$ cat my_file.cif   # mmCIF, C-alpha atoms and all ligand atoms
data_entry
loop_
_atom_site.group_PDB
_atom_site.id
_atom_site.type_symbol
_atom_site.label_atom_id
_atom_site.label_comp_id
_atom_site.auth_asym_id
_atom_site.auth_seq_id
_atom_site.Cartn_x
_atom_site.Cartn_y
_atom_site.Cartn_z
ATOM 1 C CA MET U 1 11.633 -9.561 10.930
ATOM 2 C CA LEU U 2 8.813 -9.511 8.414
ATOM 3 C CA LEU U 3 10.563 -7.743 5.563
ATOM 4 C CA LYS U 4 14.241 -7.360 4.847
ATOM 5 C CA ILE U 5 15.401 -5.410 1.817
ATOM 6 C CA GLU U 6 19.037 -5.689 0.824
ATOM 7 C CA GLY U 7 20.468 -3.197 -1.644
ATOM 8 C CA ILE U 8 17.671 -3.020 -4.181
ATOM 9 C CA THR U 9 18.155 -0.900 -7.284
ATOM 10 C CA LYS U 10 15.770 -0.121 -10.133
ATOM 11 C CA ARG U 11 16.948 1.596 -13.271
ATOM 12 C CA PHE U 12 14.834 2.931 -16.114
ATOM 13 C CA GLY U 13 17.344 3.408 -18.920
ATOM 14 C CA GLY U 14 19.846 5.899 -17.535
ATOM 15 C CA LEU U 15 17.632 6.927 -14.620
ATOM 16 C CA VAL U 16 18.248 5.258 -11.268
ATOM 17 C CA ALA U 17 14.780 5.426 -9.713
ATOM 18 C CA VAL U 18 15.761 3.416 -6.607
ATOM 19 C CA SER U 19 19.423 3.202 -5.716
ATOM 20 C CA ASP U 20 20.872 0.526 -3.443
ATOM 21 C CA VAL U 21 18.170 0.748 -0.776
ATOM 22 C CA SER U 22 18.274 -1.497 2.287
ATOM 23 C CA LEU U 23 15.731 -1.475 5.084
ATOM 24 C CA GLN U 24 13.938 -3.728 7.511
ATOM 25 C CA VAL U 25 10.371 -3.755 8.709
ATOM 26 C CA ASN U 26 9.321 -5.614 11.834
ATOM 27 C CA GLN U 27 6.097 -7.499 12.300
ATOM 28 C CA GLY U 28 3.412 -5.187 13.706
ATOM 29 C CA GLU U 29 5.032 -1.906 12.722
ATOM 30 C CA ILE U 30 3.515 1.049 10.971
ATOM 31 C CA TYR U 31 6.397 2.114 8.778
ATOM 32 C CA GLY U 32 6.417 5.433 6.940
ATOM 33 C CA LEU U 33 8.073 6.179 3.623
ATOM 34 C CA ILE U 34 8.456 9.868 2.808
ATOM 35 C CA GLY U 35 10.432 11.981 0.361
ATOM 36 C CA PRO U 36 9.972 14.540 -2.402
ATOM 37 C CA ASN U 37 8.155 13.772 -5.657
ATOM 38 C CA GLY U 38 10.141 11.469 -7.910
ATOM 39 C CA ALA U 39 12.200 10.138 -4.990
ATOM 40 C CA GLY U 40 11.427 6.528 -5.938
ATOM 41 C CA LYS U 41 8.785 5.669 -3.345
ATOM 42 C CA THR U 42 6.178 4.209 -5.705
ATOM 43 C CA THR U 43 8.888 2.379 -7.656
ATOM 44 C CA PHE U 44 9.951 0.805 -4.352
ATOM 45 C CA PHE U 45 6.375 -0.465 -3.827
ATOM 46 C CA ASN U 46 6.292 -1.677 -7.421
ATOM 47 C CA MET U 47 9.319 -3.855 -6.718
ATOM 48 C CA LEU U 48 7.840 -5.158 -3.472
ATOM 49 C CA THR U 49 4.676 -6.216 -5.274
ATOM 50 C CA GLY U 50 6.361 -7.751 -8.314
ATOM 51 C CA ILE U 51 5.320 -5.128 -10.857
ATOM 52 C CA TYR U 52 9.005 -4.375 -11.430
ATOM 53 C CA LYS U 53 11.912 -6.694 -10.923
ATOM 54 C CA PRO U 54 14.863 -5.042 -9.160
ATOM 55 C CA ASN U 55 18.028 -4.785 -11.281
ATOM 56 C CA GLU U 56 19.975 -5.624 -8.143
ATOM 57 C CA GLY U 57 19.338 -6.649 -4.588
ATOM 58 C CA LYS U 58 17.161 -8.927 -2.522
ATOM 59 C CA ILE U 59 13.701 -8.706 -1.013
ATOM 60 C CA LEU U 60 13.194 -11.183 1.816
ATOM 61 C CA PHE U 61 9.632 -11.607 3.036
ATOM 62 C CA GLU U 62 9.450 -13.878 6.069
ATOM 63 C CA ASN U 63 13.038 -14.875 5.228
ATOM 64 C CA GLN U 64 12.047 -16.001 1.762
ATOM 65 C CA PRO U 65 13.406 -14.255 -1.352
ATOM 66 C CA VAL U 66 10.521 -12.770 -3.350
ATOM 67 C CA GLN U 67 12.299 -10.383 -5.721
ATOM 68 C CA GLY U 68 11.211 -10.986 -9.286
ATOM 69 C CA LEU U 69 8.202 -13.160 -8.394
ATOM 70 C CA LYS U 70 4.995 -12.446 -10.300
ATOM 71 C CA PRO U 71 2.475 -10.085 -8.632
ATOM 72 C CA PHE U 72 -0.150 -12.816 -8.023
ATOM 73 C CA ARG U 73 2.474 -14.993 -6.294
ATOM 74 C CA ILE U 74 3.534 -12.132 -4.028
ATOM 75 C CA ALA U 75 -0.122 -11.422 -3.234
ATOM 76 C CA GLN U 76 -0.586 -15.077 -2.302
ATOM 77 C CA LEU U 77 2.385 -14.856 0.062
ATOM 78 C CA GLY U 78 0.600 -12.026 1.881
ATOM 79 C CA ILE U 79 1.665 -8.649 0.467
ATOM 80 C CA SER U 80 -1.159 -6.414 -0.674
ATOM 81 C CA ARG U 81 -1.343 -2.768 -1.751
ATOM 82 C CA THR U 82 -3.318 0.274 -2.761
ATOM 83 C CA PHE U 83 -2.351 2.618 -5.591
ATOM 84 C CA GLN U 84 -1.494 6.306 -5.607
ATOM 85 C CA ASN U 85 -4.278 6.917 -8.126
ATOM 86 C CA ILE U 86 -7.588 5.335 -7.176
ATOM 87 C CA ARG U 87 -8.244 2.276 -9.304
ATOM 88 C CA LEU U 88 -11.855 1.280 -8.800
ATOM 89 C CA LEU U 89 -14.411 -0.191 -11.147
ATOM 90 C CA LYS U 90 -16.590 2.887 -10.888
ATOM 91 C CA ASP U 91 -19.672 1.321 -12.494
ATOM 92 C CA GLU U 92 -19.614 -1.723 -10.221
ATOM 93 C CA SER U 93 -20.926 -1.897 -6.681
ATOM 94 C CA VAL U 94 -18.741 -1.215 -3.673
ATOM 95 C CA LEU U 95 -19.112 -4.860 -2.618
ATOM 96 C CA GLU U 96 -17.974 -6.164 -6.005
ATOM 97 C CA ASN U 97 -14.974 -3.862 -5.942
ATOM 98 C CA VAL U 98 -13.904 -5.378 -2.651
ATOM 99 C CA MET U 99 -14.562 -8.948 -3.791
ATOM 100 C CA VAL U 100 -12.116 -8.386 -6.656
ATOM 101 C CA GLY U 101 -9.371 -8.327 -4.014
ATOM 102 C CA MET U 102 -9.832 -12.058 -3.446
ATOM 103 C CA PHE U 103 -9.190 -13.127 -7.022
ATOM 104 C CA GLY U 104 -5.817 -14.753 -7.198
ATOM 105 C CA LYS U 105 -6.321 -16.028 -3.654
ATOM 106 C CA THR U 106 -9.334 -18.192 -4.468
ATOM 107 C CA HIS U 107 -9.907 -20.658 -7.251
ATOM 108 C CA THR U 108 -13.118 -19.144 -8.531
ATOM 109 C CA GLY U 109 -13.124 -19.349 -12.293
ATOM 110 C CA LEU U 110 -10.907 -22.398 -12.404
ATOM 111 C CA TRP U 111 -13.215 -24.216 -10.020
ATOM 112 C CA SER U 112 -16.341 -23.368 -11.889
ATOM 113 C CA ALA U 113 -14.788 -24.946 -14.976
ATOM 114 C CA ILE U 114 -13.571 -28.108 -13.230
ATOM 115 C CA LEU U 115 -16.041 -28.767 -10.460
ATOM 116 C CA GLY U 116 -19.092 -27.066 -11.790
ATOM 117 C CA PHE U 117 -21.267 -24.207 -10.747
ATOM 118 C CA ARG U 118 -22.144 -25.196 -7.173
ATOM 119 C CA SER U 119 -18.732 -25.113 -5.535
ATOM 120 C CA ALA U 120 -17.919 -21.871 -7.321
ATOM 121 C CA LYS U 121 -21.142 -20.458 -6.001
ATOM 122 C CA LYS U 122 -20.240 -21.510 -2.477
ATOM 123 C CA GLU U 123 -16.821 -19.960 -2.724
ATOM 124 C CA GLU U 124 -18.296 -16.737 -4.057
ATOM 125 C CA GLU U 125 -20.607 -16.664 -1.053
ATOM 126 C CA MET U 126 -17.621 -16.920 1.288
ATOM 127 C CA VAL U 127 -15.847 -14.091 -0.490
ATOM 128 C CA ARG U 128 -18.999 -12.000 -0.328
ATOM 129 C CA GLU U 129 -19.287 -12.548 3.428
ATOM 130 C CA GLU U 130 -15.646 -11.695 4.026
ATOM 131 C CA SER U 131 -15.979 -8.565 1.878
ATOM 132 C CA ARG U 132 -18.950 -7.378 3.945
ATOM 133 C CA LYS U 133 -16.930 -7.810 7.133
ATOM 134 C CA ILE U 134 -14.032 -5.809 5.729
ATOM 135 C CA LEU U 135 -16.378 -3.040 4.572
ATOM 136 C CA GLU U 136 -17.622 -2.800 8.120
ATOM 137 C CA LEU U 137 -14.041 -2.593 9.393
ATOM 138 C CA VAL U 138 -13.246 0.347 7.106
ATOM 139 C CA GLY U 139 -16.457 2.121 8.095
ATOM 140 C CA LEU U 140 -18.473 1.533 4.924
ATOM 141 C CA ASN U 141 -21.312 -0.675 6.101
ATOM 142 C CA GLY U 142 -24.474 0.352 4.327
ATOM 143 C CA TYR U 143 -22.578 1.273 1.153
ATOM 144 C CA GLU U 144 -22.293 -2.285 -0.237
ATOM 145 C CA ASP U 145 -24.728 -1.793 -3.129
ATOM 146 C CA GLU U 146 -23.764 1.764 -4.083
ATOM 147 C CA LEU U 147 -21.792 2.255 -7.282
ATOM 148 C CA ALA U 148 -18.149 2.825 -6.345
ATOM 149 C CA GLY U 149 -18.005 5.901 -8.576
ATOM 150 C CA SER U 150 -20.820 7.581 -6.652
ATOM 151 C CA LEU U 151 -18.910 7.636 -3.347
ATOM 152 C CA SER U 152 -16.997 10.625 -2.020
ATOM 153 C CA TYR U 153 -13.296 10.691 -2.764
ATOM 154 C CA GLY U 154 -12.428 9.776 0.811
ATOM 155 C CA ASN U 155 -14.805 6.814 0.777
ATOM 156 C CA GLN U 156 -13.415 5.600 -2.557
ATOM 157 C CA ARG U 157 -10.007 5.462 -0.865
ATOM 158 C CA ARG U 158 -11.592 3.329 1.865
ATOM 159 C CA VAL U 159 -12.958 0.929 -0.752
ATOM 160 C CA GLU U 160 -9.431 0.597 -2.120
ATOM 161 C CA ILE U 161 -8.107 -0.212 1.323
ATOM 162 C CA ALA U 162 -10.927 -2.725 1.849
ATOM 163 C CA ARG U 163 -10.072 -4.429 -1.435
ATOM 164 C CA ALA U 164 -6.442 -4.711 -0.366
ATOM 165 C CA LEU U 165 -7.459 -6.128 3.031
ATOM 166 C CA VAL U 166 -9.940 -8.773 1.948
ATOM 167 C CA SER U 167 -7.179 -11.272 1.179
ATOM 168 C CA LYS U 168 -5.968 -10.891 4.797
ATOM 169 C CA PRO U 169 -2.450 -9.707 3.945
ATOM 170 C CA LYS U 170 0.421 -9.894 6.398
ATOM 171 C CA LEU U 171 1.848 -6.714 4.909
ATOM 172 C CA LEU U 172 -0.246 -3.861 3.542
ATOM 173 C CA LEU U 173 1.349 -1.173 1.359
ATOM 174 C CA LEU U 174 -0.535 2.121 1.138
ATOM 175 C CA ASP U 175 0.590 4.582 -1.546
ATOM 176 C CA GLU U 176 -0.484 8.057 -0.409
ATOM 177 C CA PRO U 177 -3.751 6.944 1.213
ATOM 178 C CA THR U 178 -4.690 10.487 2.272
ATOM 179 C CA ALA U 179 -3.924 12.283 -0.997
ATOM 180 C CA GLY U 180 -6.711 14.772 -1.683
ATOM 181 C CA MET U 181 -8.338 14.303 1.717
ATOM 182 C CA ASN U 182 -9.317 17.011 4.173
ATOM 183 C CA ASP U 183 -8.023 17.033 7.759
ATOM 184 C CA GLU U 184 -10.980 15.139 9.159
ATOM 185 C CA GLU U 185 -10.779 12.367 6.548
ATOM 186 C CA THR U 186 -7.018 12.157 7.094
ATOM 187 C CA GLU U 187 -7.558 11.758 10.823
ATOM 188 C CA GLU U 188 -10.054 8.943 10.199
ATOM 189 C CA ILE U 189 -7.650 7.128 7.880
ATOM 190 C CA GLY U 190 -5.076 7.300 10.667
ATOM 191 C CA GLU U 191 -7.530 5.614 13.023
ATOM 192 C CA LEU U 192 -8.267 2.977 10.402
ATOM 193 C CA ILE U 193 -4.545 2.249 9.942
ATOM 194 C CA LEU U 194 -4.183 1.751 13.700
ATOM 195 C CA LYS U 195 -7.130 -0.656 13.622
ATOM 196 C CA ILE U 196 -5.568 -2.574 10.729
ATOM 197 C CA ARG U 197 -2.373 -2.956 12.716
ATOM 198 C CA GLU U 198 -4.321 -4.135 15.767
ATOM 199 C CA ASN U 199 -5.786 -6.852 13.561
ATOM 200 C CA GLY U 200 -2.248 -8.106 12.954
ATOM 201 C CA THR U 201 -1.352 -6.545 9.610
ATOM 202 C CA THR U 202 1.966 -4.708 9.276
ATOM 203 C CA VAL U 203 1.678 -1.458 7.298
ATOM 204 C CA ILE U 204 4.080 0.524 5.135
ATOM 205 C CA LEU U 205 2.683 3.833 3.997
ATOM 206 C CA ILE U 206 3.947 6.405 1.546
ATOM 207 C CA GLU U 207 2.839 9.833 2.611
ATOM 208 C CA HIS U 208 3.190 13.518 1.772
ATOM 209 C CA ASN U 209 1.790 14.871 5.013
ATOM 210 C CA VAL U 210 4.916 14.734 7.173
ATOM 211 C CA GLY U 211 3.242 16.054 10.313
ATOM 212 C CA TRP U 212 0.579 13.393 10.168
ATOM 213 C CA VAL U 213 2.912 10.519 9.358
ATOM 214 C CA THR U 214 5.262 11.301 12.243
ATOM 215 C CA GLY U 215 2.359 10.974 14.654
ATOM 216 C CA LEU U 216 1.308 7.616 13.266
ATOM 217 C CA CYS U 217 4.449 5.646 12.416
ATOM 218 C CA ASN U 218 6.860 3.672 14.562
ATOM 219 C CA ARG U 219 9.660 4.331 12.115
ATOM 220 C CA ILE U 220 10.159 6.343 8.959
ATOM 221 C CA ALA U 221 12.505 6.037 5.990
ATOM 222 C CA VAL U 222 13.238 9.061 3.831
ATOM 223 C CA PHE U 223 13.982 8.727 0.127
ATOM 224 C CA ASP U 224 15.576 11.417 -2.009
ATOM 225 C CA HIS U 225 16.658 10.974 -5.629
ATOM 226 C CA GLY U 226 16.263 7.205 -5.305
ATOM 227 C CA GLU U 227 18.415 6.902 -2.212
ATOM 228 C CA LYS U 228 17.419 6.233 1.352
ATOM 229 C CA ILE U 229 18.871 9.221 3.191
ATOM 230 C CA ALA U 230 17.465 8.457 6.645
ATOM 231 C CA ASP U 231 15.703 5.698 8.553
ATOM 232 C CA ASN U 232 14.766 6.295 12.166
ATOM 233 C CA VAL U 233 12.063 6.985 14.754
ATOM 234 C CA PRO U 234 9.870 10.018 13.889
ATOM 235 C CA ASP U 235 11.462 12.469 16.353
ATOM 236 C CA ALA U 236 14.916 11.819 14.951
ATOM 237 C CA ILE U 237 13.640 12.101 11.367
ATOM 238 C CA ILE U 238 12.098 15.548 11.704
ATOM 239 C CA SER U 239 15.259 16.989 13.255
ATOM 240 C CA ASP U 240 17.635 15.348 10.763
ATOM 241 C CA PRO U 241 19.447 18.066 8.735
ATOM 242 C CA LEU U 242 19.680 15.809 5.650
ATOM 243 C CA VAL U 243 15.921 15.345 5.674
ATOM 244 C CA ILE U 244 15.183 19.031 6.128
ATOM 245 C CA GLU U 245 17.546 19.837 3.258
ATOM 246 C CA ALA U 246 15.925 17.278 0.967
ATOM 247 C CA TYR U 247 12.541 18.920 1.445
ATOM 248 C CA ILE U 248 13.580 22.568 1.462
ATOM 249 C CA GLY U 249 16.049 22.141 -1.394
ATOM 250 C CA LYS U 250 13.315 20.593 -3.488
ATOM 251 C CA GLU U 251 10.927 23.396 -2.658
ATOM 252 C CA ASP U 252 13.441 25.939 -3.948
ATOM 253 C CA GLU U 253 13.946 24.028 -7.207
ATOM 254 C CA GLU U 254 10.267 23.834 -8.003
ATOM 255 C CA GLY U 255 9.080 26.996 -6.307
ATOM 256 C CA GLU U 256 6.237 25.198 -4.606
ATOM 257 C CA SER U 257 5.667 23.068 -1.551
ATOM 258 C CA GLU U 258 6.249 19.368 -1.806
ATOM 259 C CA TYR U 259 3.470 18.774 0.671
ATOM 260 C CA ALA U 260 0.789 19.583 -1.876
ATOM 261 C CA ALA U 261 -1.207 16.537 -2.975
ATOM 262 C CA ASN U 262 -0.514 15.371 -6.513
HETATM 263 N N1 LIG U 301 7.938 2.965 -15.663
HETATM 264 C C1 LIG U 301 8.809 3.974 -15.596
HETATM 265 N N2 LIG U 301 9.579 4.300 -16.651
HETATM 266 C C2 LIG U 301 10.467 5.301 -16.585
HETATM 267 N N3 LIG U 301 10.681 6.064 -15.501
HETATM 268 C C3 LIG U 301 9.935 5.795 -14.406
HETATM 269 C C4 LIG U 301 8.964 4.752 -14.394
HETATM 270 N N4 LIG U 301 8.385 4.731 -13.164
HETATM 271 C C5 LIG U 301 8.962 5.715 -12.455
HETATM 272 N N5 LIG U 301 9.889 6.355 -13.193
HETATM 273 C C6 LIG U 301 10.743 7.455 -12.739
HETATM 274 O O1 LIG U 301 11.383 7.055 -11.557
HETATM 275 C C7 LIG U 301 11.501 8.130 -10.657
HETATM 276 C C8 LIG U 301 10.832 7.763 -9.362
HETATM 277 O O2 LIG U 301 9.419 7.741 -9.562
HETATM 278 P P1 LIG U 301 8.405 7.306 -8.449
HETATM 279 O O3 LIG U 301 8.848 6.005 -7.880
HETATM 280 O O4 LIG U 301 7.051 7.361 -9.036
HETATM 281 O O5 LIG U 301 8.601 8.460 -7.361
HETATM 282 P P2 LIG U 301 7.699 8.880 -6.116
HETATM 283 O O6 LIG U 301 6.640 7.849 -5.939
HETATM 284 O O7 LIG U 301 8.653 8.962 -4.973
HETATM 285 O O8 LIG U 301 7.121 10.226 -6.441
HETATM 286 C C9 LIG U 301 10.878 9.342 -11.332
HETATM 287 O O9 LIG U 301 11.909 10.086 -11.947
HETATM 288 C C10 LIG U 301 9.970 8.712 -12.367
HETATM 289 O O10 LIG U 301 9.782 9.567 -13.460
HETATM 290 MG MG MG U 302 4.570 7.968 -5.937
#

$ encode --input "my_file.cif" --output "structure tokens"
Amino acid sequence: MLLKIEGITKRFGGLVAVSDVSLQVNQGEIYGLIGPNGAGKTTFFNMLTGIYKPNEGKILFENQPVQGLKPFRIAQLGISRTFQNIRLLKDESVLENVMVGMFGKTHTGLWSAILGFRSAKKEEEMVREESRKILELVGLNGYEDELAGSLSYGNQRRVEIARALVSKPKLLLLDEPTAGMNDEETEEIGELILKIRENGTTVILIEHNVGWVTGLCNRIAVFDHGEKIADNVPDAIISDPLVIEAYIGKEDEEGESEYAAN
């Protein structure tokens, strides 16, 4: 068991964003997290990565409690993520954007102060090499020197994934990696996620495109109003009446489809 969550809750004032959620993710799985807008999915990731501390509950990563640890500590333990809204340094090169993913893992900065310029330089060279390899993995070789902001939307999402991968995480959290993508780009991201798993990284992904996610994931959890209402293999999820109600009920309330990218 790579990740074991026991009854985590996050409250914002009177709002219970995540309510008593327990789930387990095995090593090597691609695990989907779906549910209507506002269901608590991103908040769940924010607790896993130390941005928020759960009000209650435990997060065990490789049997070690990590709830409430600082984000850099959790990153060092091997949990990495991308964000729902792309967060790139648009005026920096693609390569530099990926290299940023190693800060916190390396001692660059501290080393340059203590040991002088040369060792820092050497370490930077290693990070640069690793970043190039990861860019190749995500299909962006040749783009290293482009400004991140000049890339297509789909390619910017790939840079984000590359940045999250450069620290060689054991667990990668993807928050709506295909938001705003066309069918072809979505398909390619699916292939990339399979490749990432083959390289030994376990993946949890939040997704709006239910059809796509059921084809990709080993298991899926469904959140609604902060609660986990289902947790099963894809076939069982799509025929679960509670799940269907959560989606259709929400559609009625808002008068629009929940599958639309936001
Ligand atoms: N920092 C915050 N302060 C107050 N409310 C928040 C905060 N973050 C999220 N929420 C609320 O928590 C609920 C769950 O949000 P979120 O986790 O972003 O849902 P999802 O990612 O499933 O769309 C929403 O009602 C949202 O408005
Ligand atoms: Mg979200």

$ closest_residue --input "my_file.cif" --among "U:Ile189, U:Ala17, U:Ile196, U:Ile161" --to "ligand MG 302 (chain U)" --atoms "all atoms listed in the file"
U:Ala17

$ closest_atom_pairs --input "my_file.cif" --of "chain U" --to "ligand LIG 301 (chain U)" --cutoff "7 Å" --atoms "all atoms listed in the file" --output "tab-separated table"
residue	atom	partner	partner_atom	distance
U:Phe12	CA	U:LIG301	C2	5.0
U:Leu15	CA	U:LIG301	O1	7.0
U:Ala17	CA	U:LIG301	O1	4.2
U:Gly35	CA	U:LIG301	O7	6.4
U:Pro36	CA	U:LIG301	O7	6.3
U:Asn37	CA	U:LIG301	O8	3.8
U:Gly38	CA	U:LIG301	O5	3.4
U:Ala39	CA	U:LIG301	O7	3.7
U:Gly40	CA	U:LIG301	O3	3.3
U:Lys41	CA	U:LIG301	O7	3.7
U:Thr42	CA	U:LIG301	O6	3.7
U:Thr43	CA	U:LIG301	O3	3.6
U:Phe44	CA	U:LIG301	O3	6.4
U:Gly226	CA	U:LIG301	C8	6.8

$ resolve_selection --input "my_file.cif" --expression "the PyMOL selection byres (((chain U and resi 85-88) around 12) and not hetatm)" --output "ChimeraX atom specification"
/U:42,81-84,89-101,147-164,174-180,261-262

$ closest_residue --input "my_file.cif" --among "U:Gly50, U:Gly57, U:Gly211, U:Pro234" --to "Glu6 in chain U" --atoms "all atoms listed in the file"
U:Gly57

$ atom_distance --input "my_file.cif" --atom1 "CA of Ile59 in chain U" --atom2 "CA of Val25 in chain U"
11.4 Å

$ closest_residue --input "my_file.cif" --among "U:Leu216, U:Ile206, U:Val138, U:Leu48" --to "ligand MG 302 (chain U)" --atoms "all atoms listed in the file"
U:Ile206

$ atom_distance --input "my_file.cif" --atom1 "CA of Lys228 in chain U" --atom2 "CA of Val21 in chain U"
5.9 Å

$ closest_residue --input "my_file.cif" --among "U:Val66, U:Pro54, U:Leu192, U:Gly32" --to "Val16 in chain U" --atoms "only C-alpha atoms"
U:Pro54

$ closest_residue --input "my_file.cif" --among "U:Leu33, U:Val210, U:Ala230, U:Ala120" --to "ligand MG 302 (chain U)" --atoms "all atoms listed in the file"
U:Leu33

$ atom_distance --input "my_file.cif" --atom1 "CA of Cys217 in chain U" --atom2 "CA of Phe61 in chain U"
20.3 Å

$ closest_residue --input "my_file.cif" --among "U:Glu185, U:Glu227, U:Asp240, U:Glu207" --to "ligand MG 302 (chain U)" --atoms "all atoms listed in the file"
U:Glu207

$ resolve_selection --input "my_file.cif" --expression "the PyMOL selection byres (((chain U and resi 242) around 12) and not hetatm)" --output "PDB file with C-alpha atoms, keeping the file's coordinate frame"
ATOM      1  CA  GLY U  35      10.432  11.981   0.361  1.00  0.00           C
ATOM      2  CA  VAL U 222      13.238   9.061   3.831  1.00  0.00           C
ATOM      3  CA  PHE U 223      13.982   8.727   0.127  1.00  0.00           C
ATOM      4  CA  ASP U 224      15.576  11.417  -2.009  1.00  0.00           C
ATOM      5  CA  GLU U 227      18.415   6.902  -2.212  1.00  0.00           C
ATOM      6  CA  LYS U 228      17.419   6.233   1.352  1.00  0.00           C
ATOM      7  CA  ILE U 229      18.871   9.221   3.191  1.00  0.00           C
ATOM      8  CA  ALA U 230      17.465   8.457   6.645  1.00  0.00           C
ATOM      9  CA  ASP U 231      15.703   5.698   8.553  1.00  0.00           C
ATOM     10  CA  ALA U 236      14.916  11.819  14.951  1.00  0.00           C
ATOM     11  CA  ILE U 237      13.640  12.101  11.367  1.00  0.00           C
ATOM     12  CA  ILE U 238      12.098  15.548  11.704  1.00  0.00           C
ATOM     13  CA  SER U 239      15.259  16.989  13.255  1.00  0.00           C
ATOM     14  CA  ASP U 240      17.635  15.348  10.763  1.00  0.00           C
ATOM     15  CA  PRO U 241      19.447  18.066   8.735  1.00  0.00           C
ATOM     16  CA  VAL U 243      15.921  15.345   5.674  1.00  0.00           C
ATOM     17  CA  ILE U 244      15.183  19.031   6.128  1.00  0.00           C
ATOM     18  CA  GLU U 245      17.546  19.837   3.258  1.00  0.00           C
ATOM     19  CA  ALA U 246      15.925  17.278   0.967  1.00  0.00           C
ATOM     20  CA  TYR U 247      12.541  18.920   1.445  1.00  0.00           C
ATOM     21  CA  ILE U 248      13.580  22.568   1.462  1.00  0.00           C
ATOM     22  CA  GLY U 249      16.049  22.141  -1.394  1.00  0.00           C
TER      23      GLY U 249
END

$ residues_around --input "my_file.cif" --residues "Glu129 in chain U" --least-positions-apart "2" --cutoff "12 Å" --atoms "only C-alpha atoms" --output "ChimeraX atom specification"
/U:95-96,98-99,102,122-127,131-136,144,166

$ resolve_selection --input "my_file.cif" --expression "the PyMOL selection byres (((chain U and resi 204) around 6) and not hetatm)" --output "number ranges by chain"
U: 30-32, 173, 203, 205
